[in-house]
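What follows is one structure encoded as structure tokens, with my remarks underneath.
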2 protein chains.
Amino acid sequence: MTALLKQNINSHIALTDAEMEAFCNLFQHKIIKKKNFLLRKGEVCKFEGFVTKGTFRVYHIDKSGREQILYFAIENWWVTDIDSFTTERPSQLFIEALEDSEVLLISKKDKEFAYTNLPKIEKLFRVMTQKTHVALQRRMIDNLSKTADQRYLDFIEKYPQLNQRLSNLQIAAYLGISHEFLSKIRNKIATKK
Amino acid sequence: MTALLKQNINSHIALTDAEMEAFCNLFQHKIIKKKNFLLRKGEVCKFEGFVTKGTFRVYHIDKSGREQILYFAIENWWVTDIDSFTTERPSQLFIEALEDSEVLLISKKDKEFAYTNLPKIEKLFRVMTQKTHVALQRRMIDNLSKTADQRYLDFIEKYPQLNQRLSNLQIAAYLGISHEFLSKIRNKIATKK
DNA sequence: GTCATTTATTGAACTTGTTCAATGTTTTTT
DNA sequence: AAAAAACATTGAACAAGTTCAATAAATGAC
């Protein structure tokens, strides 16, 4: 059940078998059907999750009703609203399953327990947050400097697995463009080749 | 010399006086004159810095020569290229003083020393990275959902101190628009009131 | 204080991306 | 298998933002 989680943790830091067991035992397995929500705007995010099956999208809905996707999470990715989870304030985000999915969830209390009793877990989350932050910095710069065409080409090159699994609607909401315009970009790319 | 740094650390976590002294003693004071660089593209970032005086901008230059500002750092802010610092690979970024400035710098080796010998420092940087990450997530969503006018209004409301100290050139590079267009936005706002 | 440099403004032509509406295609549900 | 729903494409009119060039204003260097 937690094999993928253990492998993921191993890719960041080294834990003894006992530490690994102790930590992984804190997670609860949960099944989320397609179109169901792990979190809705207004709720306090009470978990940090690790995806073992399926796809989630973490998104925001603005005043005019448009959706902006902060990130996708598929197998082997972590998912949470880190803001709401740490501050315990209502979330501004939605986390929705785009397919029938499964996650391992750890509660805030159990995570705090791990921080105090398993010092390396503090390092694990520092390292993971740093890596996530670096990726977001790159995306920020790309969004400031690149045209939508280029961002789309980058996306399909960087995340071929996501490109296969996601509708163009979802990809457009991630790139920050209308799906109609994405369709025109795709047409332009296809006819150019 | 390190009073501001101590105050900043206290705003994130609680350290004993001995821990605080031990940690703050690892920092070196450095003066950087206006238009000089703390880091240039191609160099490995060997420090994490805390600004005690002045202003820095952390920016990227794209293929067409346009500059995108990742963030500004004034007194009481931290500054580094976290990507280059952790991976020890050449940086893609420039860090430049926009005024005569002063920073407290900690080297990678000393930071590692702190992580192993002062466990709370691990927590300090986890917490700080989380907060920075949350701020960047918000900026990302704003950039995906809001028009340049609104982002500018948000900027001057959120960072009045930066708005005062920075040229419109710098602000435009942060917002991801041309400075000419920022000028037109400013005109529109001024004549509307 | 003057000259040179940098920063800010404005207008015109252009490019990128949006909106809306209509139509076709695919997927899901029953 | 048919009907409904969701997704994708296309075109036309529009809005947002860029580029280039010219000029004005502010700042810095000597």
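Naming works like this for the structure tokens: A, B, ... for the chains as they're shown, residue 1 at the start of each chain, ligands 1 onward in shown order.
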
Applying 8 Å and only C-alpha atoms (C1' of nucleotides), which residues near stretch 13-22 of chain B remain after dropping the ones on its own chain fewer than 5 positions away? List them as a PDB file with N, CA and C atoms, in the first residue's frame.
```pdb
ATOM      1  N   LYS B   6      18.024  38.769  14.182  1.00  0.00           N
ATOM      2  CA  LYS B   6      17.471  38.060  15.350  1.00  0.00           C
ATOM      3  C   LYS B   6      15.970  38.266  15.458  1.00  0.00           C
ATOM      4  N   LEU B 118      22.061  22.535  15.112  1.00  0.00           N
ATOM      5  CA  LEU B 118      20.971  23.319  15.702  1.00  0.00           C
ATOM      6  C   LEU B 118      19.661  22.893  15.025  1.00  0.00           C
ATOM      7  N   LYS B 120      16.648  23.206  15.366  1.00  0.00           N
ATOM      8  CA  LYS B 120      15.544  24.151  15.122  1.00  0.00           C
ATOM      9  C   LYS B 120      15.752  24.959  13.844  1.00  0.00           C
ATOM     10  N   LYS B 123      13.852  23.590  11.083  1.00  0.00           N
ATOM     11  CA  LYS B 123      12.459  24.051  11.132  1.00  0.00           C
ATOM     12  C   LYS B 123      12.340  25.487  10.623  1.00  0.00           C
ATOM     13  N   LEU B 124      13.289  26.330  11.039  1.00  0.00           N
ATOM     14  CA  LEU B 124      13.271  27.729  10.594  1.00  0.00           C
ATOM     15  C   LEU B 124      13.179  27.828   9.079  1.00  0.00           C
TER      16      LEU B 124
END
```

Applying 8 Å and only C-alpha atoms (C1' of nucleotides), which residues near stretch 3-20 of chain D remain after dropping the ones on its own chain fewer than 6 positions away? List them as a ChimeraX atom specification. /A:167,169,180,183 /B:177-178,181 /C:14-19,24-29

Pull C-alpha atoms (C1' of nucleotides) from the residues just selected and write them as a short mmCIF file (atom, residue, chain, number, x, y, z; two decimals), in the first residue's frame.
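New file out-v2.cif:
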```
data_model
loop_
_atom_site.label_atom_id
_atom_site.label_comp_id
_atom_site.auth_asym_id
_atom_site.auth_seq_id
_atom_site.Cartn_x
_atom_site.Cartn_y
_atom_site.Cartn_z
CA SER A 167 -8.19 17.52 -21.60
CA LEU A 169 -9.55 22.54 -21.13
CA GLU A 180 -10.29 28.34 -27.68
CA SER A 183 -7.12 25.06 -29.84
CA ILE B 177 4.64 44.08 -18.72
CA SER B 178 6.53 46.67 -20.77
CA PHE B 181 2.32 49.94 -20.93
"C1'" DC C 14 1.00 45.86 -34.67
"C1'" DT C 15 0.64 41.14 -32.17
"C1'" DT C 16 -1.28 38.29 -28.85
"C1'" DG C 17 -4.99 36.59 -26.67
"C1'" DT C 18 -10.34 36.87 -25.44
"C1'" DT C 19 -15.17 36.49 -26.14
"C1'" DG C 24 -18.62 19.06 -34.94
"C1'" DT C 25 -16.64 15.37 -32.13
"C1'" DT C 26 -16.01 12.43 -28.24
"C1'" DT C 27 -17.30 10.51 -23.93
"C1'" DT C 28 -20.59 9.25 -20.54
"C1'" DT C 29 -24.95 7.85 -18.99
#
```

Interface residues on chain A facing chain B, 6 Å, only C-alpha atoms, written as a list in words: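 Residues of chain A within 6 Å of chain B, counting only C-alpha atoms: Asp83, Arg126, His133, Val134, Leu144 and Gly176 of chain A.
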
Quick one: DSSP alpha helix (DSSP H) residues in stretch 1-186 of chain B, as a ChimeraX atom specification? /B:3-10,17-24,82-87,108-117,119-145,148-158,160-165,168-175,179-186

Strand (DSSP E or B) positions in stretch 42-140 of chain A, given as a VMD selection string: chain A and resid 44 47 to 53 55 to 61 67 to 74 78 to 79 90 94 to 97 101 to 107

Which distance in Å separates atom CA of B:Phe50 and atom CA of B:Trp77, to one decimal?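 We find that atom CA of B:Phe50 and atom CA of B:Trp77 lie 5.9 Å from each other.
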
Nearest residue to chain D out of B:Ile185, B:Ile74, B:Ile95, B:Met1, using only C-alpha atoms (C1' of nucleotides)?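 Answer, going by the shortest atom-to-atom distance: B:Ile185.
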
To one decimal place, how far is atom CA of A:Val58 from atom CA of A:Ala172 in Å? 13.9 Å

At a cut-off of 10 Å, list the chain C residues touching chain B, using only C-alpha atoms (C1' of nucleotides), as a list of chain:residue names. C:DT7, C:DA8, C:DT9, C:DT10

Write the selection just made, keeping N, CA and C atoms (P, O5', C5', C4', C3', O3' and C1' of nucleotides), as a PDB file, in the first residue's frame?
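Here's the written file again03.pdb:
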```pdb
ATOM      1  P    DT C   7      17.428  53.679 -15.180  1.00  0.00           P
ATOM      2  O5'  DT C   7      16.163  54.653 -15.290  1.00  0.00           O
ATOM      3  C5'  DT C   7      15.908  55.574 -14.244  1.00  0.00           C
ATOM      4  C4'  DT C   7      14.679  56.385 -14.589  1.00  0.00           C
ATOM      5  C3'  DT C   7      13.422  55.547 -14.842  1.00  0.00           C
ATOM      6  O3'  DT C   7      12.416  56.037 -13.971  1.00  0.00           O
ATOM      7  C1'  DT C   7      13.732  57.144 -16.551  1.00  0.00           C
ATOM      8  P    DA C   8      10.909  55.466 -14.022  1.00  0.00           P
ATOM      9  O5'  DA C   8      10.190  56.496 -15.004  1.00  0.00           O
ATOM     10  C5'  DA C   8       9.907  57.806 -14.545  1.00  0.00           C
ATOM     11  C4'  DA C   8       9.051  58.503 -15.572  1.00  0.00           C
ATOM     12  C3'  DA C   8       7.760  57.765 -15.929  1.00  0.00           C
ATOM     13  O3'  DA C   8       6.688  58.672 -15.692  1.00  0.00           O
ATOM     14  C1'  DA C   8       8.953  58.405 -17.884  1.00  0.00           C
ATOM     15  P    DT C   9       5.193  58.303 -16.030  1.00  0.00           P
ATOM     16  O5'  DT C   9       5.027  58.886 -17.509  1.00  0.00           O
ATOM     17  C5'  DT C   9       5.221  60.277 -17.712  1.00  0.00           C
ATOM     18  C4'  DT C   9       4.911  60.628 -19.143  1.00  0.00           C
ATOM     19  C3'  DT C   9       3.584  60.075 -19.678  1.00  0.00           C
ATOM     20  O3'  DT C   9       2.828  61.178 -20.147  1.00  0.00           O
ATOM     21  C1'  DT C   9       5.348  59.675 -21.195  1.00  0.00           C
ATOM     22  P    DT C  10       1.293  61.081 -20.449  1.00  0.00           P
ATOM     23  O5'  DT C  10       1.250  60.902 -22.034  1.00  0.00           O
ATOM     24  C5'  DT C  10       1.888  61.863 -22.868  1.00  0.00           C
ATOM     25  C4'  DT C  10       1.945  61.338 -24.283  1.00  0.00           C
ATOM     26  C3'  DT C  10       0.693  60.574 -24.736  1.00  0.00           C
ATOM     27  O3'  DT C  10       0.014  61.377 -25.687  1.00  0.00           O
ATOM     28  C1'  DT C  10       2.713  59.526 -25.451  1.00  0.00           C
TER      29       DT C  10
END
```
